[in-house]
Amino acid sequence: MKKYLFLALFAVSLAGCQQKHPEIISQDFVPVTGVTISDSSIIKLIEPYKILMDSDMNVVIGTSAQPMSKALPEGILNTFVANAMLTYGNQVKPTDIAITNLGGLRNDIQEGPITVGDVMQVMPFDNALVFLELSGEEVEELCEAIAKKGGDVVAGISMKIEGDEAEDILIQGQPIDEHKNYRIITTDYLSFGNDHLEPLAKFKTIEPLNILLRDVLIQNIKDETASGRPIQPTLKNEIYVEQ
């Protein structure tokens, strides 16, 4: 009898766990618009933090001699970001390649004064820099991945994109040496092979640099300004598409 009672209870509990199909009870169109905070107490609470943030974000750290925007296969903003990464990498130890992803650059930099807030708008993510080591063969795979994307944010690599293939690849002006390990500075995000850059996840070693990419960009602008130079990257046609 106990056996049958247990089976009955089990069947009831199982039936109670069955997922029910949702039913539409009612439906209305609700427009979503910008929210305005009108509560004076909330505004009063937020205001000191807003003033502090604005004062930090509005600090001018340099000057751009031209508008900088991202593009494929190369762009002025791509060049600035990748070269700043490569410069920082070489300050730590010899670095062959710098790469980050075009999708990570979220805004242009206009001609004229550059503020901390401008850099934050370009790079709003907390992407930290790392060193990776790849073999020559893996670097060639990386170049093929870049070619399939039509280009990216890269320094230290020159190549021709023909169709979606990488041709005439040079690393620091030299053909790839399959027996050499190359040091690459990139972001922790891309070290997982994200954004179709899977070869980066094949690294032999990884070394965190404990610095955010945007902080490197800010410091690069400050260094150039201290040397009396505006930010004025030039396209070198290092990655180009065969027409």
# chains A, B, ... in the order shown; residues from 1 in each chain; ligands from 1

$ select_by_dssp --residues "stretch 71-219 of chain A" --states "strand (DSSP E)" --output "PyMOL selection string"
chain A and resi 97-100+112-115+128-135+153-155+157-162+165-171+174-175+181-187+205-212

$ select_by_dssp --residues "stretch 91-220 of chain A" --states "alpha helix (DSSP H)" --output "PyMOL selection string"
chain A and resi 91-92+116-122+136-148+213-220

$ write_last_selection --atoms "C-alpha atoms" --output "mmCIF file, in the first residue's frame"
data_model
loop_
_atom_site.group_PDB
_atom_site.id
_atom_site.type_symbol
_atom_site.label_atom_id
_atom_site.label_comp_id
_atom_site.auth_asym_id
_atom_site.auth_seq_id
_atom_site.Cartn_x
_atom_site.Cartn_y
_atom_site.Cartn_z
ATOM 1 C CA GLN A 91 58.788 50.280 -22.917
ATOM 2 C CA VAL A 92 58.314 47.066 -20.925
ATOM 3 C CA VAL A 116 40.117 62.384 -20.587
ATOM 4 C CA GLY A 117 36.417 62.017 -21.360
ATOM 5 C CA ASP A 118 37.174 61.787 -25.095
ATOM 6 C CA VAL A 119 39.440 58.805 -24.473
ATOM 7 C CA MET A 120 36.852 57.223 -22.174
ATOM 8 C CA GLN A 121 34.304 57.463 -24.989
ATOM 9 C CA VAL A 122 36.712 55.761 -27.393
ATOM 10 C CA GLY A 136 55.540 32.034 -36.364
ATOM 11 C CA GLU A 137 52.967 29.574 -37.656
ATOM 12 C CA GLU A 138 50.353 30.897 -35.236
ATOM 13 C CA VAL A 139 51.161 34.493 -36.211
ATOM 14 C CA GLU A 140 50.499 33.521 -39.819
ATOM 15 C CA GLU A 141 47.112 32.119 -38.708
ATOM 16 C CA LEU A 142 46.458 35.401 -36.902
ATOM 17 C CA CYS A 143 47.166 37.337 -40.098
ATOM 18 C CA GLU A 144 44.736 35.106 -41.969
ATOM 19 C CA ALA A 145 42.091 35.863 -39.308
ATOM 20 C CA ILE A 146 42.759 39.600 -39.695
ATOM 21 C CA ALA A 147 42.421 39.283 -43.470
ATOM 22 C CA LYS A 148 39.052 37.542 -43.135
ATOM 23 C CA LEU A 213 44.234 50.031 -22.527
ATOM 24 C CA ARG A 214 42.540 53.395 -22.065
ATOM 25 C CA ASP A 215 45.136 54.375 -19.425
ATOM 26 C CA VAL A 216 47.865 53.610 -21.956
ATOM 27 C CA LEU A 217 46.118 55.850 -24.494
ATOM 28 C CA ILE A 218 45.808 58.666 -21.954
ATOM 29 C CA GLN A 219 49.474 58.379 -20.984
ATOM 30 C CA ASN A 220 50.556 58.301 -24.634
#

$ closest_residue --among "A:Thr95, A:Asn101, A:Asn181, A:Gln243" --to "A:Leu197" --atoms "only C-alpha atoms"
A:Asn101

$ atom_distance --atom1 "atom CA of A:Asp188" --atom2 "atom CA of A:Ile206"
9.4 Å

$ residues_around --residues "A:Gln172" --least-positions-apart "5" --cutoff "9 Å" --atoms "only C-alpha atoms" --output "ChimeraX atom specification"
/A:96-97,155-158

$ residues_around --residues "A:Lys236" --least-positions-apart "6" --cutoff "12 Å" --atoms "only C-alpha atoms" --output "MDAnalysis selection string"
chainID A and resid 73:76 78:80 83 154:159

$ decode --residues "stretch 150-168 of chain A" --atoms "N, CA and C atoms" --output "mmCIF file, in the first residue's frame"
data_model
loop_
_atom_site.group_PDB
_atom_site.id
_atom_site.type_symbol
_atom_site.label_atom_id
_atom_site.label_comp_id
_atom_site.auth_asym_id
_atom_site.auth_seq_id
_atom_site.Cartn_x
_atom_site.Cartn_y
_atom_site.Cartn_z
ATOM 1 N N GLY A 150 38.870 41.747 -42.888
ATOM 2 C CA GLY A 150 39.067 42.929 -43.726
ATOM 3 C C GLY A 150 40.001 43.946 -43.113
ATOM 4 N N GLY A 151 40.768 43.539 -42.070
ATOM 5 C CA GLY A 151 41.674 44.436 -41.368
ATOM 6 C C GLY A 151 41.296 44.503 -39.899
ATOM 7 N N ASP A 152 42.034 45.295 -39.129
ATOM 8 C CA ASP A 152 41.728 45.466 -37.710
ATOM 9 C C ASP A 152 42.602 46.577 -37.148
ATOM 10 N N VAL A 153 42.759 46.603 -35.827
ATOM 11 C CA VAL A 153 43.573 47.633 -35.163
ATOM 12 C C VAL A 153 44.926 47.004 -34.863
ATOM 13 N N VAL A 154 45.891 47.238 -35.740
ATOM 14 C CA VAL A 154 47.132 46.462 -35.728
ATOM 15 C C VAL A 154 48.345 47.354 -35.953
ATOM 16 N N ALA A 155 49.443 47.024 -35.269
ATOM 17 C CA ALA A 155 50.745 47.634 -35.538
ATOM 18 C C ALA A 155 51.799 46.532 -35.504
ATOM 19 N N GLY A 156 52.823 46.690 -36.326
ATOM 20 C CA GLY A 156 53.895 45.690 -36.388
ATOM 21 C C GLY A 156 53.719 44.681 -37.496
ATOM 22 N N ILE A 157 52.516 44.642 -38.092
ATOM 23 C CA ILE A 157 52.224 43.731 -39.198
ATOM 24 C C ILE A 157 51.968 44.549 -40.453
ATOM 25 N N SER A 158 52.544 44.124 -41.559
ATOM 26 C CA SER A 158 52.156 44.671 -42.861
ATOM 27 C C SER A 158 51.785 43.499 -43.757
ATOM 28 N N MET A 159 50.746 43.685 -44.559
ATOM 29 C CA MET A 159 50.313 42.596 -45.439
ATOM 30 C C MET A 159 49.306 43.108 -46.457
ATOM 31 N N LYS A 160 49.121 42.326 -47.473
ATOM 32 C CA LYS A 160 48.116 42.587 -48.493
ATOM 33 C C LYS A 160 46.953 41.630 -48.265
ATOM 34 N N ILE A 161 45.723 42.149 -48.380
ATOM 35 C CA ILE A 161 44.539 41.299 -48.296
ATOM 36 C C ILE A 161 44.009 41.103 -49.704
ATOM 37 N N GLU A 162 44.019 39.874 -50.134
ATOM 38 C CA GLU A 162 43.530 39.537 -51.478
ATOM 39 C C GLU A 162 42.379 38.554 -51.316
ATOM 40 N N GLY A 163 41.180 39.000 -51.647
ATOM 41 C CA GLY A 163 39.996 38.204 -51.323
ATOM 42 C C GLY A 163 39.830 38.268 -49.814
ATOM 43 N N ASP A 164 39.945 37.116 -49.150
ATOM 44 C CA ASP A 164 40.002 37.111 -47.692
ATOM 45 C C ASP A 164 41.259 36.396 -47.215
ATOM 46 N N GLU A 165 42.301 36.450 -48.056
ATOM 47 C CA GLU A 165 43.573 35.809 -47.735
ATOM 48 C C GLU A 165 44.642 36.854 -47.451
ATOM 49 N N ALA A 166 45.561 36.514 -46.547
ATOM 50 C CA ALA A 166 46.692 37.386 -46.223
ATOM 51 C C ALA A 166 47.884 37.021 -47.103
ATOM 52 N N GLU A 167 48.439 38.021 -47.782
ATOM 53 C CA GLU A 167 49.584 37.810 -48.660
ATOM 54 C C GLU A 167 50.703 38.788 -48.288
ATOM 55 N N ASP A 168 51.923 38.418 -48.662
ATOM 56 C CA ASP A 168 53.098 39.296 -48.472
ATOM 57 C C ASP A 168 53.205 39.778 -47.024
#
